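Chemist: File start.pdb follows (PDB, C-alpha atoms):
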```pdb
ATOM      1  CA  MET A   1      24.094  19.538  63.546
ATOM      2  CA  ARG A   2      24.092  16.339  61.537
ATOM      3  CA  ARG A   3      22.142  14.699  64.315
ATOM      4  CA  ALA A   4      19.609  17.469  64.316
ATOM      5  CA  LEU A   5      19.153  17.069  60.588
ATOM      6  CA  ALA A   6      18.741  13.329  60.918
ATOM      7  CA  PHE A   7      16.194  13.887  63.652
ATOM      8  CA  MET A   8      14.284  16.358  61.509
ATOM      9  CA  ALA A   9      14.276  13.927  58.617
ATOM     10  CA  LEU A  10      12.900  11.221  60.899
ATOM     11  CA  ALA A  11      10.317  13.574  62.331
ATOM     12  CA  TRP A  12       9.244  14.442  58.793
ATOM     13  CA  LEU A  13       8.923  10.777  57.929
ATOM     14  CA  ALA A  14       6.662  10.406  60.944
ATOM     15  CA  ILE A  15       4.465  13.351  59.976
ATOM     16  CA  ALA A  16       4.376  12.773  56.239
ATOM     17  CA  PRO A  17       1.806   9.941  56.254
ATOM     18  CA  ALA A  18      -0.554  12.060  58.353
ATOM     19  CA  LEU A  19      -0.302  14.899  55.853
ATOM     20  CA  ALA A  20      -0.698  12.558  52.931
ATOM     21  CA  GLN A  21      -4.196  11.616  54.121
ATOM     22  CA  GLU A  22      -5.314  15.096  53.277
ATOM     23  CA  ALA A  23      -5.214  15.624  49.561
ATOM     24  CA  PRO A  24      -5.017  19.333  48.710
ATOM     25  CA  LEU A  25      -7.474  20.630  46.159
ATOM     26  CA  ALA A  26      -6.227  20.545  42.583
ATOM     27  CA  ASP A  27      -7.032  24.214  41.934
ATOM     28  CA  PRO A  28      -4.424  26.304  43.836
ATOM     29  CA  ALA A  29      -6.843  29.223  44.244
ATOM     30  CA  LEU A  30      -9.458  26.985  45.893
ATOM     31  CA  GLU A  31      -6.776  25.322  48.032
ATOM     32  CA  GLN A  32      -5.639  28.771  49.166
ATOM     33  CA  ARG A  33      -9.226  29.607  50.132
ATOM     34  CA  ALA A  34      -9.477  26.359  52.113
ATOM     35  CA  ARG A  35      -6.246  27.185  53.949
ATOM     36  CA  ASP A  36      -7.257  30.771  54.678
ATOM     37  CA  LEU A  37     -10.608  29.595  55.988
ATOM     38  CA  GLY A  38      -8.909  26.941  58.123
ATOM     39  CA  ARG A  39      -6.894  29.679  59.803
ATOM     40  CA  GLU A  40      -9.980  31.551  60.976
ATOM     41  CA  ILE A  41     -11.765  28.498  62.373
ATOM     42  CA  ARG A  42     -10.948  27.551  65.938
ATOM     43  CA  CYS A  43     -10.075  23.944  66.673
ATOM     44  CA  VAL A  44     -12.771  22.857  69.113
ATOM     45  CA  VAL A  45     -10.562  20.626  71.252
ATOM     46  CA  CYS A  46      -7.322  22.633  71.281
ATOM     47  CA  GLN A  47      -8.935  25.987  71.622
ATOM     48  CA  SER A  48      -6.066  28.347  71.066
ATOM     49  CA  GLN A  49      -5.106  26.701  67.815
ATOM     50  CA  SER A  50      -6.799  27.118  64.502
ATOM     51  CA  VAL A  51      -8.113  24.172  62.526
ATOM     52  CA  ALA A  52      -5.271  24.748  60.067
ATOM     53  CA  ASP A  53      -2.619  24.392  62.793
ATOM     54  CA  SER A  54      -4.043  21.508  64.757
ATOM     55  CA  ASP A  55      -3.288  17.811  64.553
ATOM     56  CA  ALA A  56      -6.453  16.780  66.391
ATOM     57  CA  ASP A  57      -8.767  14.287  64.682
ATOM     58  CA  ILE A  58     -11.640  16.691  64.638
ATOM     59  CA  ALA A  59      -9.491  19.468  63.143
ATOM     60  CA  GLN A  60      -8.337  17.167  60.393
ATOM     61  CA  GLU A  61     -11.937  16.199  59.726
ATOM     62  CA  LEU A  62     -12.955  19.843  59.573
ATOM     63  CA  ARG A  63     -10.167  20.613  57.084
ATOM     64  CA  VAL A  64     -11.359  17.767  54.857
ATOM     65  CA  MET A  65     -14.914  19.046  55.190
ATOM     66  CA  ILE A  66     -13.908  22.625  54.311
ATOM     67  CA  ARG A  67     -12.179  21.354  51.148
ATOM     68  CA  GLU A  68     -15.199  19.263  50.204
ATOM     69  CA  GLN A  69     -17.570  22.153  50.599
ATOM     70  CA  ILE A  70     -15.315  24.516  48.666
ATOM     71  CA  ALA A  71     -15.017  21.948  45.899
ATOM     72  CA  ALA A  72     -18.816  21.710  45.913
ATOM     73  CA  GLY A  73     -18.982  25.429  45.186
ATOM     74  CA  LYS A  74     -19.988  26.697  48.654
ATOM     75  CA  SER A  75     -18.981  30.226  49.587
ATOM     76  CA  ASP A  76     -16.753  30.964  52.589
ATOM     77  CA  GLN A  77     -19.777  32.415  54.370
ATOM     78  CA  ASP A  78     -21.821  29.240  53.732
ATOM     79  CA  ILE A  79     -19.092  27.195  55.372
ATOM     80  CA  ARG A  80     -18.806  29.580  58.325
ATOM     81  CA  ASP A  81     -22.591  29.408  58.803
ATOM     82  CA  TYR A  82     -22.490  25.612  58.619
ATOM     83  CA  LEU A  83     -19.888  25.470  61.378
ATOM     84  CA  VAL A  84     -21.526  28.122  63.558
ATOM     85  CA  ALA A  85     -24.822  26.196  63.407
ATOM     86  CA  ARG A  86     -23.005  23.188  64.877
ATOM     87  CA  TYR A  87     -20.394  24.672  67.180
ATOM     88  CA  GLY A  88     -21.674  28.175  67.915
ATOM     89  CA  ASP A  89     -19.853  31.479  67.395
ATOM     90  CA  PHE A  90     -17.008  30.017  69.389
ATOM     91  CA  VAL A  91     -15.519  28.330  66.310
ATOM     92  CA  LEU A  92     -14.826  31.691  64.698
ATOM     93  CA  PHE A  93     -11.624  33.405  65.776
ATOM     94  CA  ASP A  94     -13.217  36.625  64.585
ATOM     95  CA  PRO A  95     -16.521  36.804  66.468
ATOM     96  CA  PRO A  96     -19.507  38.345  64.638
ATOM     97  CA  PHE A  97     -20.809  41.776  65.590
ATOM     98  CA  LYS A  98     -24.240  41.178  67.098
ATOM     99  CA  GLY A  99     -26.336  41.666  70.215
ATOM    100  CA  SER A 100     -24.501  39.224  72.467
ATOM    101  CA  THR A 101     -21.063  40.434  71.413
ATOM    102  CA  TYR A 102     -21.552  44.215  71.602
ATOM    103  CA  VAL A 103     -19.770  44.308  74.954
ATOM    104  CA  LEU A 104     -16.849  42.412  73.469
ATOM    105  CA  TRP A 105     -16.509  44.700  70.467
ATOM    106  CA  LEU A 106     -17.484  48.033  71.973
ATOM    107  CA  GLY A 107     -16.196  47.559  75.537
ATOM    108  CA  PRO A 108     -12.629  48.716  74.847
ATOM    109  CA  PHE A 109     -13.859  51.842  73.048
ATOM    110  CA  ALA A 110     -16.305  52.578  75.864
ATOM    111  CA  ILE A 111     -13.436  52.350  78.355
ATOM    112  CA  LEU A 112     -11.324  54.626  76.150
ATOM    113  CA  VAL A 113     -14.116  57.218  75.979
ATOM    114  CA  LEU A 114     -14.668  57.054  79.761
ATOM    115  CA  ALA A 115     -10.942  57.516  80.348
ATOM    116  CA  ALA A 116     -10.854  60.490  77.947
ATOM    117  CA  ILE A 117     -13.797  62.080  79.781
ATOM    118  CA  GLY A 118     -12.025  61.512  83.100
ATOM    119  CA  VAL A 119      -8.817  63.146  81.849
ATOM    120  CA  ALA A 120     -10.786  66.072  80.390
ATOM    121  CA  ILE A 121     -12.580  66.620  83.728
ATOM    122  CA  PHE A 122      -9.263  66.493  85.573
ATOM    123  CA  PHE A 123      -7.627  69.154  83.402
ATOM    124  CA  ARG A 124     -10.703  71.353  83.396
ATOM    125  CA  ARG A 125     -10.898  71.327  87.188
ATOM    126  CA  ARG A 126      -7.230  72.145  87.456
ATOM    127  CA  ALA A 127      -7.608  75.029  85.065
ATOM    128  CA  ARG A 128     -10.544  76.361  87.091
ATOM    129  CA  ASP A 129      -8.681  76.110  90.384
ATOM    130  CA  PRO A 130      -8.740  79.749  91.682
ATOM    131  CA  ALA A 131      -5.233  79.447  93.141
ATOM    132  CA  ARG A 132      -3.884  78.679  89.659
ATOM    133  CA  ALA A 133      -6.119  80.945  87.661
ATOM    134  CA  ARG A 134      -5.017  84.172  89.368
ATOM    135  CA  ALA A 135      -1.701  85.723  88.385
ATOM    136  CA  LEU A 136       0.810  86.388  91.156
ATOM    137  CA  SER A 137       0.665  89.748  92.863
ATOM    138  CA  ALA A 138       3.753  91.954  92.987
ATOM    139  CA  ASP A 139       4.296  90.980  96.619
ATOM    140  CA  GLU A 140       4.162  87.265  95.892
ATOM    141  CA  HIS A 141       6.404  87.723  92.938
ATOM    142  CA  SER A 142       9.157  89.321  94.959
ATOM    143  CA  ARG A 143       8.766  86.606  97.584
ATOM    144  CA  VAL A 144       9.297  83.924  94.948
ATOM    145  CA  GLU A 145      12.417  85.723  93.771
ATOM    146  CA  ARG A 146      13.711  85.904  97.286
ATOM    147  CA  LEU A 147      13.045  82.229  97.931
ATOM    148  CA  LEU A 148      14.792  81.161  94.757
ATOM    149  CA  HIS A 149      17.771  83.336  95.557
ATOM    150  CA  ASP A 150      18.261  82.836  99.278
ATOM    151  CA  GLY A 151      16.698  79.479 100.054
ATOM    152  CA  PRO A 152      14.068  78.759 102.757
ATOM    153  CA  GLU A 153      12.799  81.737 104.695
ATOM    154  CA  ASP A 154      12.921  80.416 108.245
ATOM    155  CA  ARG A 155      16.676  79.902 108.084
ATOM    156  CA  ALA A 156      17.304  83.394 106.855
TER     157      ALA A 156
ATOM    158  CA  MET B   1     -19.786  63.107  92.682
ATOM    159  CA  ARG B   2     -16.596  63.366  94.751
ATOM    160  CA  ARG B   3     -17.565  60.281  96.646
ATOM    161  CA  LEU B   4     -18.240  58.351  93.439
ATOM    162  CA  VAL B   5     -14.634  58.906  92.412
ATOM    163  CA  PHE B   6     -13.463  57.276  95.636
ATOM    164  CA  LEU B   7     -15.824  54.356  95.135
ATOM    165  CA  LEU B   8     -14.553  53.722  91.622
ATOM    166  CA  PRO B   9     -11.404  51.749  92.589
ATOM    167  CA  ILE B  10     -13.481  49.613  94.946
ATOM    168  CA  ALA B  11     -15.974  48.930  92.158
ATOM    169  CA  ILE B  12     -13.145  47.954  89.785
ATOM    170  CA  VAL B  13     -11.666  45.584  92.363
ATOM    171  CA  ALA B  14     -15.115  44.056  92.935
ATOM    172  CA  VAL B  15     -15.500  43.398  89.204
ATOM    173  CA  LEU B  16     -12.023  41.866  89.012
ATOM    174  CA  VAL B  17     -12.701  39.644  92.027
ATOM    175  CA  ALA B  18     -15.913  38.431  90.378
ATOM    176  CA  LEU B  19     -14.061  37.666  87.126
ATOM    177  CA  PHE B  20     -11.271  35.822  88.933
ATOM    178  CA  TRP B  21     -13.834  33.941  90.993
ATOM    179  CA  ILE B  22     -15.446  32.603  87.826
ATOM    180  CA  GLY B  23     -12.178  32.126  85.972
ATOM    181  CA  LEU B  24     -10.371  30.289  88.756
ATOM    182  CA  ASP B  25     -13.263  28.029  89.749
ATOM    183  CA  PRO B  26     -11.616  24.605  89.928
ATOM    184  CA  ASN B  27     -14.852  22.955  88.781
ATOM    185  CA  ARG B  28     -15.058  24.998  85.616
ATOM    186  CA  ASP B  29     -13.925  22.969  82.618
ATOM    187  CA  LYS B  30     -13.145  25.461  79.899
ATOM    188  CA  SER B  31     -12.541  22.731  77.360
ATOM    189  CA  VAL B  32     -16.270  21.966  77.342
ATOM    190  CA  LEU B  33     -17.997  24.298  74.949
ATOM    191  CA  PRO B  34     -21.678  25.031  75.239
ATOM    192  CA  SER B  35     -23.468  22.993  72.600
ATOM    193  CA  ALA B  36     -25.045  25.032  69.835
ATOM    194  CA  LEU B  37     -27.441  22.161  69.262
ATOM    195  CA  VAL B  38     -29.312  21.934  72.560
ATOM    196  CA  GLY B  39     -32.889  23.080  72.006
ATOM    197  CA  ASN B  40     -32.656  22.528  68.251
ATOM    198  CA  PRO B  41     -33.853  19.571  66.173
ATOM    199  CA  ALA B  42     -31.357  16.711  66.068
ATOM    200  CA  PRO B  43     -29.485  16.408  62.770
ATOM    201  CA  ALA B  44     -30.587  13.571  60.502
ATOM    202  CA  VAL B  45     -28.752  10.325  61.154
ATOM    203  CA  ASP B  46     -28.670   7.653  58.484
ATOM    204  CA  LEU B  47     -25.657   5.392  58.822
ATOM    205  CA  PRO B  48     -24.683   1.854  57.826
ATOM    206  CA  GLY B  49     -24.600  -0.812  60.543
ATOM    207  CA  LEU B  50     -21.383  -2.246  61.943
ATOM    208  CA  VAL B  51     -21.580  -5.638  60.271
ATOM    209  CA  ASP B  52     -22.723  -6.734  56.849
ATOM    210  CA  GLY B  53     -26.442  -7.369  56.855
ATOM    211  CA  ALA B  54     -27.068  -5.268  59.956
ATOM    212  CA  PRO B  55     -29.880  -2.756  59.529
ATOM    213  CA  ARG B  56     -28.974   0.864  58.836
ATOM    214  CA  LEU B  57     -29.199   3.248  61.741
ATOM    215  CA  ASN B  58     -31.851   5.862  61.115
ATOM    216  CA  LEU B  59     -32.699   8.286  63.897
ATOM    217  CA  ALA B  60     -36.159   8.908  62.442
ATOM    218  CA  GLN B  61     -37.139   5.383  63.546
ATOM    219  CA  PHE B  62     -36.849   6.477  67.151
ATOM    220  CA  LYS B  63     -39.168   9.439  66.876
ATOM    221  CA  GLY B  64     -41.728   9.409  69.657
ATOM    222  CA  GLN B  65     -39.396   8.238  72.398
ATOM    223  CA  LEU B  66     -36.609   9.668  74.486
ATOM    224  CA  VAL B  67     -33.272   8.218  73.381
ATOM    225  CA  ALA B  68     -29.614   8.710  74.225
ATOM    226  CA  ILE B  69     -27.051   8.865  71.434
ATOM    227  CA  ASN B  70     -23.539   7.849  72.384
ATOM    228  CA  PHE B  71     -20.601   8.622  70.099
ATOM    229  CA  PHE B  72     -17.773   6.175  70.718
ATOM    230  CA  ALA B  73     -14.785   4.644  68.979
ATOM    231  CA  SER B  74     -12.780   1.481  69.474
ATOM    232  CA  TRP B  75      -9.563   3.536  69.474
ATOM    233  CA  CYS B  76     -10.765   5.752  72.302
ATOM    234  CA  LEU B  77      -9.651   4.834  75.812
ATOM    235  CA  PRO B  78     -12.138   6.964  77.770
ATOM    236  CA  CYS B  79     -14.894   5.179  75.792
ATOM    237  CA  ARG B  80     -13.671   1.929  77.265
ATOM    238  CA  ALA B  81     -13.908   3.476  80.736
ATOM    239  CA  GLU B  82     -17.486   4.715  80.329
ATOM    240  CA  HIS B  83     -18.718   1.612  78.534
ATOM    241  CA  PRO B  84     -20.067  -0.329  81.555
ATOM    242  CA  LEU B  85     -22.101   2.706  82.599
ATOM    243  CA  LEU B  86     -23.952   2.964  79.299
ATOM    244  CA  GLN B  87     -25.908  -0.158  80.157
ATOM    245  CA  GLN B  88     -27.170   1.575  83.275
ATOM    246  CA  ILE B  89     -28.701   4.380  81.252
ATOM    247  CA  THR B  90     -31.091   1.774  79.850
ATOM    248  CA  ALA B  91     -31.311  -0.503  82.904
ATOM    249  CA  GLU B  92     -31.912   2.198  85.493
ATOM    250  CA  PHE B  93     -33.562   5.005  83.582
ATOM    251  CA  GLY B  94     -35.263   3.108  80.798
ATOM    252  CA  VAL B  95     -33.670   5.186  78.068
ATOM    253  CA  PRO B  96     -32.469   3.224  75.022
ATOM    254  CA  VAL B  97     -28.959   4.124  73.917
ATOM    255  CA  ILE B  98     -27.997   4.409  70.260
ATOM    256  CA  GLY B  99     -24.314   3.882  69.512
ATOM    257  CA  ILE B 100     -22.464   5.706  66.753
ATOM    258  CA  ALA B 101     -18.909   4.583  66.095
ATOM    259  CA  TRP B 102     -17.119   7.795  65.138
ATOM    260  CA  LYS B 103     -14.274   7.657  62.632
ATOM    261  CA  ASP B 104     -13.822   3.976  63.219
ATOM    262  CA  LYS B 105     -13.537   0.837  61.150
ATOM    263  CA  PRO B 106     -16.713  -1.273  61.306
ATOM    264  CA  GLU B 107     -14.731  -4.446  62.181
ATOM    265  CA  ALA B 108     -12.843  -2.653  64.966
ATOM    266  CA  ALA B 109     -16.019  -1.166  66.438
ATOM    267  CA  HIS B 110     -17.734  -4.539  66.206
ATOM    268  CA  ALA B 111     -14.814  -6.268  67.970
ATOM    269  CA  PHE B 112     -14.929  -3.565  70.674
ATOM    270  CA  LEU B 113     -18.593  -4.363  71.382
ATOM    271  CA  GLN B 114     -17.918  -8.107  71.276
ATOM    272  CA  GLU B 115     -15.244  -7.676  73.903
ATOM    273  CA  LEU B 116     -16.970  -5.238  76.256
ATOM    274  CA  GLY B 117     -20.632  -6.031  75.658
ATOM    275  CA  ASP B 118     -23.133  -4.200  73.507
ATOM    276  CA  PRO B 119     -25.262  -1.706  75.457
ATOM    277  CA  TYR B 120     -26.803  -0.246  72.311
ATOM    278  CA  VAL B 121     -30.302  -0.695  70.952
ATOM    279  CA  ALA B 122     -28.954   0.178  67.493
ATOM    280  CA  THR B 123     -25.511   0.941  66.147
ATOM    281  CA  GLY B 124     -24.181   2.808  63.147
ATOM    282  CA  ILE B 125     -20.774   3.581  61.751
ATOM    283  CA  ASP B 126     -19.860   7.197  61.066
ATOM    284  CA  HIS B 127     -16.839   6.425  58.973
ATOM    285  CA  ASN B 128     -15.934   9.916  57.802
ATOM    286  CA  GLY B 129     -17.064  11.586  61.020
ATOM    287  CA  ARG B 130     -19.598  13.800  59.297
ATOM    288  CA  THR B 131     -22.540  12.853  61.525
ATOM    289  CA  GLY B 132     -20.352  13.675  64.517
ATOM    290  CA  ILE B 133     -19.643  17.115  63.059
ATOM    291  CA  ASP B 134     -23.392  17.562  62.472
ATOM    292  CA  PHE B 135     -23.862  17.005  66.193
ATOM    293  CA  GLY B 136     -21.039  19.422  66.970
ATOM    294  CA  ILE B 137     -18.961  16.895  68.873
ATOM    295  CA  THR B 138     -15.420  17.846  69.816
ATOM    296  CA  GLY B 139     -14.256  14.271  70.236
ATOM    297  CA  VAL B 140     -15.388  10.948  71.626
ATOM    298  CA  PRO B 141     -17.084   9.955  73.812
ATOM    299  CA  GLU B 142     -20.033  12.306  73.830
ATOM    300  CA  THR B 143     -23.607  11.518  74.783
ATOM    301  CA  PHE B 144     -26.763  13.353  73.740
ATOM    302  CA  LEU B 145     -30.359  13.097  74.870
ATOM    303  CA  VAL B 146     -32.892  13.443  72.071
ATOM    304  CA  GLY B 147     -36.524  13.976  73.065
ATOM    305  CA  ALA B 148     -39.605  12.304  71.643
ATOM    306  CA  ASP B 149     -40.139  15.240  69.283
ATOM    307  CA  GLY B 150     -36.600  14.931  67.927
ATOM    308  CA  THR B 151     -35.168  17.904  69.814
ATOM    309  CA  VAL B 152     -31.680  17.684  71.292
ATOM    310  CA  LEU B 153     -32.228  18.178  75.020
ATOM    311  CA  TYR B 154     -28.852  17.652  76.556
ATOM    312  CA  ARG B 155     -25.217  16.991  75.762
ATOM    313  CA  PHE B 156     -22.662  15.280  77.927
ATOM    314  CA  ALA B 157     -19.102  15.821  76.666
ATOM    315  CA  GLY B 158     -16.483  13.313  77.713
ATOM    316  CA  PRO B 159     -16.769   9.922  79.370
ATOM    317  CA  VAL B 160     -19.819   9.329  81.544
ATOM    318  CA  SER B 161     -18.524   8.587  85.039
ATOM    319  CA  ASP B 162     -20.485   7.253  87.979
ATOM    320  CA  ASP B 163     -20.693  10.815  89.286
ATOM    321  CA  GLY B 164     -21.638  12.210  85.914
ATOM    322  CA  LEU B 165     -24.396   9.630  85.546
ATOM    323  CA  ARG B 166     -25.906  10.357  88.972
ATOM    324  CA  ASN B 167     -25.426  14.109  89.154
ATOM    325  CA  GLU B 168     -25.739  15.276  85.581
ATOM    326  CA  LEU B 169     -27.236  12.712  83.243
ATOM    327  CA  ALA B 170     -29.896  11.445  85.686
ATOM    328  CA  PRO B 171     -31.379  14.921  86.376
ATOM    329  CA  ALA B 172     -31.314  15.675  82.634
ATOM    330  CA  ILE B 173     -33.205  12.444  81.942
ATOM    331  CA  ALA B 174     -35.721  13.252  84.682
ATOM    332  CA  GLU B 175     -36.182  16.708  83.187
ATOM    333  CA  ALA B 176     -36.610  15.233  79.694
ATOM    334  CA  LYS B 177     -39.277  12.811  80.893
ATOM    335  CA  LYS B 178     -41.481  15.571  82.296
TER     336      LYS B 178
END
```
Can the structure from this file be put into structure tokens for me?

Modeler:
Amino acid sequence: MRRALAFMALAWLAIAPALAQEAPLADPALEQRARDLGREIRCVVCQSQSVADSDADIAQELRVMIREQIAAGKSDQDIRDYLVARYGDFVLFDPPFKGSTYVLWLGPFAILVLAAIGVAIFFRRRARDPARARALSADEHSRVERLLHDGPEDRA
Amino acid sequence: MRRLVFLLPIAIVAVLVALFWIGLDPNRDKSVLPSALVGNPAPAVDLPGLVDGAPRLNLAQFKGQLVAINFFASWCLPCRAEHPLLQQITAEFGVPVIGIAWKDKPEAAHAFLQELGDPYVATGIDHNGRTGIDFGITGVPETFLVGADGTVLYRFAGPVSDDGLRNELAPAIAEAKK
């Protein structure tokens, strides 16, 4: 346990200088905006991480840039547009809803609707099946009773 | 209609096979993103030179000719590997190469060129990496072709290898010269 703590302390010492390079914004509200924005921007080298989570050079640079632009009074959308112009929609973890992404956004719902139609057709057909629709005749009814009572006919 | 229902599973399997075929292609490098910049005007470049007294690097000076822009850094090992090939871009294809040292110290970048040779027609230092971000680079090295009209024509992400030079960069240069 003590070793683990010592190791963590050492690890922190190793990370601390890297973090120190990035001065947070003085205004906590603006800093929060910068952090929130960093979480929705994809790191372009380590693609399943966000810019906020990544240690890559380019991610660090993008965090600094986001803070600069926020400090300069740019809106979140301005910054998103700036990044999309350079890196494409790919940098956004939340892709925009537009022509080339309709399939992405609407595909799952289309599949859901198709599946619902399929299920509806299945049940409708079953309901229309003449063998099911007709009630049992008196003869059939007594046969069912007999079968349930005595077991299979051919043995009887 | 009945028959369509039987064909459906086959159609689904066909779609899946196609997706796996693309997804599992060993030659597909998913770390390379399509550049948003190709086909658009190159961002403005105005950077200080590597040494005191060296002229500033301004991309506008090169308007009217096809140029290659190579982002490199002295701290980047793959840049070291591709370095000898950059000379060939000029020697073999007649395309001048502009060097931009990305997030580097001017002295370090200068020492790097002293050691390995300087293949660049002009060099600038992008100290805070902002010009690199303008070009949408994901790291170094990256090489761009910028046409005579200032349009970005092509992007090569990663170190230029012998193969990359022959099979990718050379055709792109030929295309750009048309």

Chemist: For segment 135-146 of chain B, list every protein, DNA or RNA residue within 6 Å, evaluated using all atoms listed in the file, and leave out those in the same chain fewer than 2 positions away; present the list as number ranges by chain.

Modeler: A: 44-45, 86-87; B: 66-72, 79, 132-133, 150-159

Chemist: Grab the atom CA of Gly117 of chain B to atom CA of Val97 of chain B distance for me, in Å with one decimal place.

Modeler: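 Atom CA of Val97 of chain B lies 13.2 Å from atom CA of Gly117 of chain B.
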
Chemist: What residues come out when you apply the PyMOL selection byres ((chain A) within 9 of (chain B)) to this file, written as an MDAnalysis selection string?

Modeler: chainID A and resid 43:47 57:58 61:62 65 82:90

Chemist: Applied to this file, what does the PyMOL selection byres ((chain B and resi 163-167) around 12) return in terms of residues, put as a list of chain:residue names?

Modeler: B:Glu82, B:Pro84, B:Leu85, B:Leu86, B:Gln87, B:Gln88, B:Ile89, B:Thr90, B:Glu92, B:Phe93, B:Thr143, B:Arg155, B:Phe156, B:Ala157, B:Gly158, B:Pro159, B:Val160, B:Ser161, B:Asp162, B:Glu168, B:Leu169, B:Ala170, B:Pro171, B:Ala172, B:Ile173, B:Ala174

Chemist: May I have the residues from that selection written out with C-alpha atoms, as a PDB file, in the frame of the given file?

Modeler:
```pdb
ATOM      1  CA  GLU B  82     -17.486   4.715  80.329  1.00  0.00           C
ATOM      2  CA  PRO B  84     -20.067  -0.329  81.555  1.00  0.00           C
ATOM      3  CA  LEU B  85     -22.101   2.706  82.599  1.00  0.00           C
ATOM      4  CA  LEU B  86     -23.952   2.964  79.299  1.00  0.00           C
ATOM      5  CA  GLN B  87     -25.908  -0.158  80.157  1.00  0.00           C
ATOM      6  CA  GLN B  88     -27.170   1.575  83.275  1.00  0.00           C
ATOM      7  CA  ILE B  89     -28.701   4.380  81.252  1.00  0.00           C
ATOM      8  CA  THR B  90     -31.091   1.774  79.850  1.00  0.00           C
ATOM      9  CA  GLU B  92     -31.912   2.198  85.493  1.00  0.00           C
ATOM     10  CA  PHE B  93     -33.562   5.005  83.582  1.00  0.00           C
ATOM     11  CA  THR B 143     -23.607  11.518  74.783  1.00  0.00           C
ATOM     12  CA  ARG B 155     -25.217  16.991  75.762  1.00  0.00           C
ATOM     13  CA  PHE B 156     -22.662  15.280  77.927  1.00  0.00           C
ATOM     14  CA  ALA B 157     -19.102  15.821  76.666  1.00  0.00           C
ATOM     15  CA  GLY B 158     -16.483  13.313  77.713  1.00  0.00           C
ATOM     16  CA  PRO B 159     -16.769   9.922  79.370  1.00  0.00           C
ATOM     17  CA  VAL B 160     -19.819   9.329  81.544  1.00  0.00           C
ATOM     18  CA  SER B 161     -18.524   8.587  85.039  1.00  0.00           C
ATOM     19  CA  ASP B 162     -20.485   7.253  87.979  1.00  0.00           C
ATOM     20  CA  GLU B 168     -25.739  15.276  85.581  1.00  0.00           C
ATOM     21  CA  LEU B 169     -27.236  12.712  83.243  1.00  0.00           C
ATOM     22  CA  ALA B 170     -29.896  11.445  85.686  1.00  0.00           C
ATOM     23  CA  PRO B 171     -31.379  14.921  86.376  1.00  0.00           C
ATOM     24  CA  ALA B 172     -31.314  15.675  82.634  1.00  0.00           C
ATOM     25  CA  ILE B 173     -33.205  12.444  81.942  1.00  0.00           C
ATOM     26  CA  ALA B 174     -35.721  13.252  84.682  1.00  0.00           C
TER      27      ALA B 174
END
```

Chemist: Once the PyMOL selection byres ((chain B and resi 112) around 12) has been applied to the shown file, what residues remain in the selection, as JSON, numbers by chain?

Modeler: {"B": [50, 72, 73, 74, 75, 76, 77, 79, 80, 83, 101, 104, 105, 106, 107, 108, 109, 110, 111, 113, 114, 115, 116, 117, 118, 119]}

Chemist: Given the selection you just returned, output its residues as a file containing C-alpha atoms, formatted as a compact mmCIF listing (two decimals), in the coordinates of the input.

Modeler:
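The result, stored in part12.txt:
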```
# COMPACT_ATOMS: atom_id res chain seq x y z
CA LEU B 50 -21.38 -2.25 61.94
CA PHE B 72 -17.77 6.18 70.72
CA ALA B 73 -14.78 4.64 68.98
CA SER B 74 -12.78 1.48 69.47
CA TRP B 75 -9.56 3.54 69.47
CA CYS B 76 -10.76 5.75 72.30
CA LEU B 77 -9.65 4.83 75.81
CA CYS B 79 -14.89 5.18 75.79
CA ARG B 80 -13.67 1.93 77.26
CA HIS B 83 -18.72 1.61 78.53
CA ALA B 101 -18.91 4.58 66.10
CA ASP B 104 -13.82 3.98 63.22
CA LYS B 105 -13.54 0.84 61.15
CA PRO B 106 -16.71 -1.27 61.31
CA GLU B 107 -14.73 -4.45 62.18
CA ALA B 108 -12.84 -2.65 64.97
CA ALA B 109 -16.02 -1.17 66.44
CA HIS B 110 -17.73 -4.54 66.21
CA ALA B 111 -14.81 -6.27 67.97
CA LEU B 113 -18.59 -4.36 71.38
CA GLN B 114 -17.92 -8.11 71.28
CA GLU B 115 -15.24 -7.68 73.90
CA LEU B 116 -16.97 -5.24 76.26
CA GLY B 117 -20.63 -6.03 75.66
CA ASP B 118 -23.13 -4.20 73.51
CA PRO B 119 -25.26 -1.71 75.46
```

Chemist: I'd like the interatomic distance between atom CA of Asp94 of chain A and atom CA of Glu40 of chain A, to a tenth of an Å.

Modeler: 7.0 Å

Chemist: To one decimal in Å, tell me the separation between atom CA of Ala42 of chain B and atom CA of Leu59 of chain B.

Modeler: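 Separating atom CA of Ala42 of chain B from atom CA of Leu59 of chain B is a distance of 8.8 Å.
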
Chemist: Please provide the set of residues having any atom within 8 Å of Ile41 of chain A, restricted to all atoms listed in the file, with same-chain residues fewer than 3 positions apart removed, written as a count of residues only.

Modeler: 8

Chemist: For segment 55-57 of chain B, please output as a list in words all residues within 7 Å (counting all atoms listed in the file; exclusion window: fewer than 5 positions along the same chain).

Modeler: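 Surrounding residues, per the criterion: Asp46, Leu47, Pro48, Gly49, Ala122, Thr123 and Gly124 of chain B.
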
Chemist: Find the residue from B:Gly53, B:Gly99, B:Gly23, B:Gly147 that sits nearest to Asp126 of chain B; use only C-alpha atoms when measuring.

Modeler: B:Gly99

Chemist: Set the distance at 10 Å and use only C-alpha atoms: which residues neighbour Glu68 of chain A once local chain neighbours fewer than 5 positions away are removed? I'd like the list as a list of chain:residue names.

Modeler: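 Near neighbours after the sequence-gap exclusion: A:Leu25, A:Ala34, A:Leu62, A:Arg63, A:Gly73, A:Lys74.
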
Chemist: Which of these, A:Gly118, A:Gly107, A:Pro95, A:Pro24, has the shortest distance to Val64 of chain A once you count all atoms listed in the file?

Modeler: A:Pro24
